[in-house]
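A.B. asks: Here's a structure for you.
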Amino acid sequence: MKAAMCFTCLLAIQSSPLPRPEDTEVWTPQPPVVPPGPFVPSPPPAGAIVLFDGTDLSNWVSTRDRTPARWLVQDGVLTVAKGSGNIETRRRFGSYQFHLEWRIPQHIAGDGQARGNSGVFLASTGDGDLGYELQILDSYRHRTYANGQAGSIYKQYAPLANPARRPGEWQSYDIVWQAPTFGLGAMVSRPATVTVFMNGVLVQDQRVLKGATVYVGEPHYTAHGRAPIKLQDHGDPSAPISFRNIWVRDLDS
């Protein structure tokens, strides 16, 4: 009888469908379009750490092997060097305030997730796409799943609004990140929270994260301490994404 029951369980496991990326895509409702106001420069405040001032990548390393970052710096702008891999800050952070400006190429091609895909990983917890991702994408008059568009916490929370500018125009993220804390047995004692303004419009309001980003399946936590901030080389065929004026204020200190 036990053998028959085990055989039945095995058949049930084998017949269970494997999780798919589509299972965690949320398409409706789509966030309302909120046209942003004029672009306003945001110079670093007193006490901020300037991570990119337009001149060099001394504050960044390759996520893959911690060697000097190999993205391109020209005319005060940092641009993804396709195929070189993700880059992350040399320093590690806990909770912080973060500013980043980014630009989708004017003549972007493709559809959906292929339109200038990149991301900011608010705490990088390893090589590849590991960490907590705030999505970067061309979401100006282009539709994709709501929890995968610009301003989303990827595959967790759609943005409250869609304030995307046209490709070719500079856009901004202003982020307040409260890092998770872990207790005995690597259990979560305080989950991560994040607030995000995109182009001056609130798109994430003290969201309590369910865990680190995953492409397939449900987000989950793995215990970690202070961590770098990571920028993504997505590796898709889109034209490369550019960045400028990157600074951070360490809130733990």
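Chain identifiers are assigned as A, B, and so on, following the order in which chains appear in the structure tokens; residues are numbered from 1 within each chain, and ligands are numbered from 1 in order of appearance.
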Hey, could you make a per-residue contact list for stretch 161-245 of chain A against stretch 143-151 of chain A with 8 Å as the cut-off, showing the nearest pair of atoms and its distance in Å to one decimal, counting only C-alpha atoms, sorted by chain and number, as a Markdown table?
C.D. replies:
| residue | atom | partner | partner_atom | distance |
| --- | --- | --- | --- | --- |
| A:Asn162 | CA | A:Gly151 | CA | 7.6 |
| A:Ala164 | CA | A:Ala150 | CA | 7.5 |
| A:Val196 | CA | A:Gly151 | CA | 7.6 |
| A:Met198 | CA | A:Gly151 | CA | 6.6 |
| A:Val203 | CA | A:Gly151 | CA | 6.2 |
| A:Gln204 | CA | A:Gly151 | CA | 7.6 |
A.B. asks: Write to file, as a PDB file, in the first residue's frame, the residues of the selection just made, with N, CA and C atoms.
C.D. replies:
ATOM      1  N   ASN A 162       2.901  55.927 -14.603  1.00  0.00           N
ATOM      2  CA  ASN A 162       3.865  55.823 -15.694  1.00  0.00           C
ATOM      3  C   ASN A 162       4.249  57.229 -16.143  1.00  0.00           C
ATOM      4  N   ALA A 164       7.006  58.093 -17.810  1.00  0.00           N
ATOM      5  CA  ALA A 164       8.150  57.920 -18.705  1.00  0.00           C
ATOM      6  C   ALA A 164       8.253  59.056 -19.719  1.00  0.00           C
ATOM      7  N   VAL A 196      10.339  55.196  -4.375  1.00  0.00           N
ATOM      8  CA  VAL A 196      10.974  55.620  -5.627  1.00  0.00           C
ATOM      9  C   VAL A 196      10.180  56.749  -6.255  1.00  0.00           C
ATOM     10  N   MET A 198      10.172  58.652  -9.920  1.00  0.00           N
ATOM     11  CA  MET A 198      10.662  58.609 -11.300  1.00  0.00           C
ATOM     12  C   MET A 198      10.277  59.913 -11.977  1.00  0.00           C
ATOM     13  N   VAL A 203       6.400  56.646  -7.691  1.00  0.00           N
ATOM     14  CA  VAL A 203       6.000  55.401  -8.352  1.00  0.00           C
ATOM     15  C   VAL A 203       6.044  54.191  -7.423  1.00  0.00           C
ATOM     16  N   GLN A 204       6.787  54.276  -6.318  1.00  0.00           N
ATOM     17  CA  GLN A 204       6.779  53.227  -5.295  1.00  0.00           C
ATOM     18  C   GLN A 204       6.765  53.912  -3.939  1.00  0.00           C
TER      19      GLN A 204
END
A.B. asks: Using the chain letters and numbers from this document, which residues of stretch 27-192 of chain A does DSSP assign to strand (DSSP E), as a PyMOL selection string?
C.D. replies: chain A and resi 49-52+60-62+72-74+77-79+87-89+96-103+118-126+130-136+170-178+181-182+188-190
A.B. asks: Could you name the residues that touch A:Asn59 at 8 Å or less, counting only C-alpha atoms, but leaving out those on the same chain fewer than 4 positions away, as a list in words?
C.D. replies: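 In the requested form, the answer reads Leu51, Phe52, Thr89, Arg90 and Arg91 of chain A.
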A.B. asks: Quick check for you: according to DSSP on this backbone, which residues of stretch 24-249 of chain A are classed as helix (DSSP H, G or I)? Reply as a list of chain:residue names.
C.D. replies: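 Checking each residue of stretch 24-249 of chain A, the helix (DSSP H, G or I) ones are A:Thr24, A:Gly112, A:Gln113, A:Ala114, A:Ala146, A:Asn147, A:Gly148, A:Leu184, A:Gly185, A:Ala186.
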A.B. asks: Calculate how many Å separate atom CA of A:Ala48 from atom CA of A:Arg249, rounding to one decimal.
C.D. replies: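 The value is 4.6 Å.
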A.B. asks: Using only C-alpha atoms, which protein or nucleic acid residues come within 10 Å of A:Gln156? Drop anything in the same chain fewer than 3 positions from it, and give the result as a PDB file with C-alpha atoms, in the first residue's frame.
C.D. replies:
ATOM      1  CA  THR A  24       4.544  36.106 -12.402  1.00  0.00           C
ATOM      2  CA  GLU A  25       3.734  38.674 -15.109  1.00  0.00           C
ATOM      3  CA  VAL A  26       0.893  41.039 -14.172  1.00  0.00           C
ATOM      4  CA  TYR A 132      16.536  43.607  -5.680  1.00  0.00           C
ATOM      5  CA  GLU A 133      15.821  45.120  -9.097  1.00  0.00           C
ATOM      6  CA  LEU A 134      14.246  48.450  -9.988  1.00  0.00           C
ATOM      7  CA  ALA A 146       2.861  46.207 -15.534  1.00  0.00           C
ATOM      8  CA  ASN A 147       5.261  44.733 -12.982  1.00  0.00           C
ATOM      9  CA  GLY A 148       8.028  44.751 -15.582  1.00  0.00           C
ATOM     10  CA  SER A 152       8.508  48.633 -11.273  1.00  0.00           C
ATOM     11  CA  ILE A 153      10.142  46.526  -8.618  1.00  0.00           C
ATOM     12  CA  PRO A 159       4.618  51.443 -10.473  1.00  0.00           C
ATOM     13  CA  ARG A 207       6.890  49.154  -0.641  1.00  0.00           C
ATOM     14  CA  VAL A 208       7.662  46.180   1.567  1.00  0.00           C
ATOM     15  CA  LEU A 209       9.639  43.766  -0.582  1.00  0.00           C
ATOM     16  CA  LYS A 210       8.816  40.074  -0.637  1.00  0.00           C
ATOM     17  CA  GLY A 211      12.452  39.191  -1.249  1.00  0.00           C
ATOM     18  CA  ALA A 212      15.129  39.447  -3.895  1.00  0.00           C
ATOM     19  CA  THR A 213      14.220  39.503  -7.586  1.00  0.00           C
ATOM     20  CA  VAL A 214      13.773  36.280  -9.522  1.00  0.00           C
ATOM     21  CA  GLU A 218       8.402  33.854  -6.328  1.00  0.00           C
ATOM     22  CA  PRO A 219      10.836  36.317  -4.710  1.00  0.00           C
TER      23      PRO A 219
END
A.B. asks: Can you tell me which residues surround A:Val73 at a distance of at most 10 Å, considering only C-alpha atoms, apart from same-chain residues fewer than 2 positions away, and format the answer as an mmCIF file with N, CA and C atoms, in the first residue's frame?
C.D. replies:
data_model
loop_
_atom_site.group_PDB
_atom_site.id
_atom_site.type_symbol
_atom_site.label_atom_id
_atom_site.label_comp_id
_atom_site.auth_asym_id
_atom_site.auth_seq_id
_atom_site.Cartn_x
_atom_site.Cartn_y
_atom_site.Cartn_z
ATOM 1 N N PHE A 52 29.410 58.573 -9.757
ATOM 2 C CA PHE A 52 29.850 58.853 -11.129
ATOM 3 C C PHE A 52 29.674 60.344 -11.385
ATOM 4 N N GLY A 54 31.011 61.829 -14.198
ATOM 5 C CA GLY A 54 31.199 62.082 -15.614
ATOM 6 C C GLY A 54 32.611 61.907 -16.104
ATOM 7 N N THR A 55 33.540 61.547 -15.212
ATOM 8 C CA THR A 55 34.940 61.474 -15.632
ATOM 9 C C THR A 55 35.528 60.071 -15.659
ATOM 10 N N ASP A 56 35.185 59.235 -14.684
ATOM 11 C CA ASP A 56 35.813 57.910 -14.646
ATOM 12 C C ASP A 56 34.938 56.927 -13.881
ATOM 13 N N LEU A 57 35.394 55.672 -13.854
ATOM 14 C CA LEU A 57 34.656 54.584 -13.203
ATOM 15 C C LEU A 57 35.421 54.046 -11.997
ATOM 16 N N ARG A 70 34.287 48.010 -17.089
ATOM 17 C CA ARG A 70 34.711 48.224 -18.472
ATOM 18 C C ARG A 70 33.635 48.886 -19.329
ATOM 19 N N TRP A 71 32.671 49.566 -18.703
ATOM 20 C CA TRP A 71 31.702 50.309 -19.488
ATOM 21 C C TRP A 71 32.358 51.567 -20.059
ATOM 22 N N ASP A 75 32.129 62.117 -22.871
ATOM 23 C CA ASP A 75 31.358 63.367 -22.786
ATOM 24 C C ASP A 75 30.497 63.429 -21.520
ATOM 25 N N GLY A 76 31.037 62.933 -20.422
ATOM 26 C CA GLY A 76 30.341 63.011 -19.147
ATOM 27 C C GLY A 76 29.256 61.977 -18.939
ATOM 28 N N VAL A 77 29.178 60.988 -19.831
ATOM 29 C CA VAL A 77 28.109 59.995 -19.804
ATOM 30 C C VAL A 77 28.701 58.589 -19.710
ATOM 31 N N LEU A 78 28.065 57.749 -18.912
ATOM 32 C CA LEU A 78 28.437 56.338 -18.753
ATOM 33 C C LEU A 78 27.474 55.485 -19.578
ATOM 34 N N THR A 79 28.013 54.621 -20.450
ATOM 35 C CA THR A 79 27.170 53.813 -21.327
ATOM 36 C C THR A 79 27.536 52.339 -21.200
ATOM 37 N N VAL A 80 26.517 51.496 -21.191
ATOM 38 C CA VAL A 80 26.736 50.050 -21.109
ATOM 39 C C VAL A 80 27.595 49.587 -22.283
ATOM 40 N N ALA A 81 28.613 48.808 -21.994
ATOM 41 C CA ALA A 81 29.387 48.136 -23.033
ATOM 42 C C ALA A 81 28.824 46.729 -23.144
ATOM 43 N N SER A 242 22.403 54.633 -21.237
ATOM 44 C CA SER A 242 23.398 55.549 -20.687
ATOM 45 C C SER A 242 22.965 56.069 -19.318
ATOM 46 N N PHE A 243 23.962 56.487 -18.525
ATOM 47 C CA PHE A 243 23.736 56.977 -17.168
ATOM 48 C C PHE A 243 24.595 58.211 -16.912
ATOM 49 N N ARG A 244 24.178 59.021 -15.930
ATOM 50 C CA ARG A 244 24.986 60.149 -15.490
ATOM 51 C C ARG A 244 24.522 60.564 -14.087
#
A.B. asks: Measuring between only C-alpha atoms, which one of A:Ser58, A:Gln97, A:Ser118, A:Asn86 shows the shortest distance to A:Phe197?
C.D. replies: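 When distances to A:Phe197 are compared using only C-alpha atoms, the smallest one comes from A:Gln97.
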A.B. asks: Could you list, as an mmCIF file with C-alpha atoms, in the first residue's frame, every residue within 12 Å of A:Val201, counting only C-alpha atoms and ignoring same-chain residues fewer than 3 positions away?
C.D. replies:
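Saved result, around.cif, follows:
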data_model
loop_
_atom_site.group_PDB
_atom_site.id
_atom_site.type_symbol
_atom_site.label_atom_id
_atom_site.label_comp_id
_atom_site.auth_asym_id
_atom_site.auth_seq_id
_atom_site.Cartn_x
_atom_site.Cartn_y
_atom_site.Cartn_z
ATOM 1 C CA PRO A 32 -1.971 55.577 -15.346
ATOM 2 C CA VAL A 33 0.171 57.812 -17.562
ATOM 3 C CA VAL A 34 1.292 60.919 -15.655
ATOM 4 C CA PRO A 35 3.344 63.256 -17.878
ATOM 5 C CA PRO A 36 6.270 64.560 -15.812
ATOM 6 C CA GLY A 37 7.239 68.189 -15.453
ATOM 7 C CA PRO A 38 10.414 69.689 -16.922
ATOM 8 C CA PHE A 39 13.643 67.887 -16.131
ATOM 9 C CA GLY A 151 9.547 52.147 -12.290
ATOM 10 C CA PRO A 159 4.618 51.443 -10.473
ATOM 11 C CA LEU A 160 1.844 53.670 -9.163
ATOM 12 C CA ALA A 161 2.115 55.766 -12.336
ATOM 13 C CA ASN A 162 3.865 55.823 -15.694
ATOM 14 C CA PRO A 163 5.794 59.123 -15.963
ATOM 15 C CA ALA A 164 8.150 57.920 -18.705
ATOM 16 C CA ARG A 165 9.770 60.411 -21.055
ATOM 17 C CA GLN A 171 15.055 60.412 -16.915
ATOM 18 C CA SER A 172 15.700 60.243 -13.188
ATOM 19 C CA TYR A 173 15.257 57.930 -10.250
ATOM 20 C CA ASP A 174 15.327 59.144 -6.658
ATOM 21 C CA ILE A 175 15.281 56.234 -4.256
ATOM 22 C CA THR A 195 10.333 54.471 -2.053
ATOM 23 C CA VAL A 196 10.974 55.620 -5.627
ATOM 24 C CA PHE A 197 10.345 58.852 -7.506
ATOM 25 C CA MET A 198 10.662 58.609 -11.300
ATOM 26 C CA GLN A 204 6.779 53.227 -5.295
ATOM 27 C CA ASP A 205 5.577 54.287 -1.852
#
A.B. asks: Between A:Asn199, A:Asn117, A:Gln74, A:Thr193, which has the minimum distance to A:His234 (counting only C-alpha atoms)?
C.D. replies: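 Residue with the minimum atom-to-atom distance to A:His234: A:Asn117.
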A.B. asks: What's the 7 Å shell around A:Glu88, counting only C-alpha atoms, without same-chain residues fewer than 4 positions away, as a PyMOL selection string?
C.D. replies: chain A and resi 60-63+228-231
A.B. asks: Output C-alpha atoms for every residue in that selection, as a PDB file, in the first residue's frame.
C.D. replies:
ATOM      1  CA  TRP A  60      32.778  50.790  -9.942  1.00  0.00           C
ATOM      2  CA  VAL A  61      33.930  47.228 -10.594  1.00  0.00           C
ATOM      3  CA  SER A  62      32.776  44.312 -12.695  1.00  0.00           C
ATOM      4  CA  THR A  63      30.279  42.192 -10.763  1.00  0.00           C
ATOM      5  CA  PRO A 228      26.966  47.005  -3.491  1.00  0.00           C
ATOM      6  CA  ILE A 229      24.552  48.846  -5.797  1.00  0.00           C
ATOM      7  CA  LYS A 230      24.537  47.221  -9.241  1.00  0.00           C
ATOM      8  CA  LEU A 231      23.738  48.409 -12.777  1.00  0.00           C
TER       9      LEU A 231
END
A.B. asks: If you measure from atom CA of A:Ser42 to atom CA of A:Trp170, what distance in Å do you get, rounded to one decimal?
C.D. replies: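 Computing the Euclidean distance for atom CA of A:Ser42 and atom CA of A:Trp170 yields 12.2 Å.
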A.B. asks: Which of these residues is nearest to A:Gly183, using only C-alpha atoms: A:Ile246, A:Ala223, A:His99, A:Ser84?
C.D. replies: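 Of A:Ile246, A:Ala223, A:His99, A:Ser84, the one nearest A:Gly183, counting only C-alpha atoms, is A:Ala223.
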A.B. asks: Tell me which of A:Ala69, A:Val248, A:Ile104, A:Val216 sits closest to A:Arg20, counting only C-alpha atoms.
C.D. replies: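 Looking only at the distances to A:Arg20, the closest residue turns out to be A:Val216.
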A.B. asks: Could you please determine the separation between atom CA of A:Ile241 and atom CA of A:Ala46 in Å, to one decimal place?
C.D. replies: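 Between atom CA of A:Ile241 and atom CA of A:Ala46 the gap is 28.3 Å.
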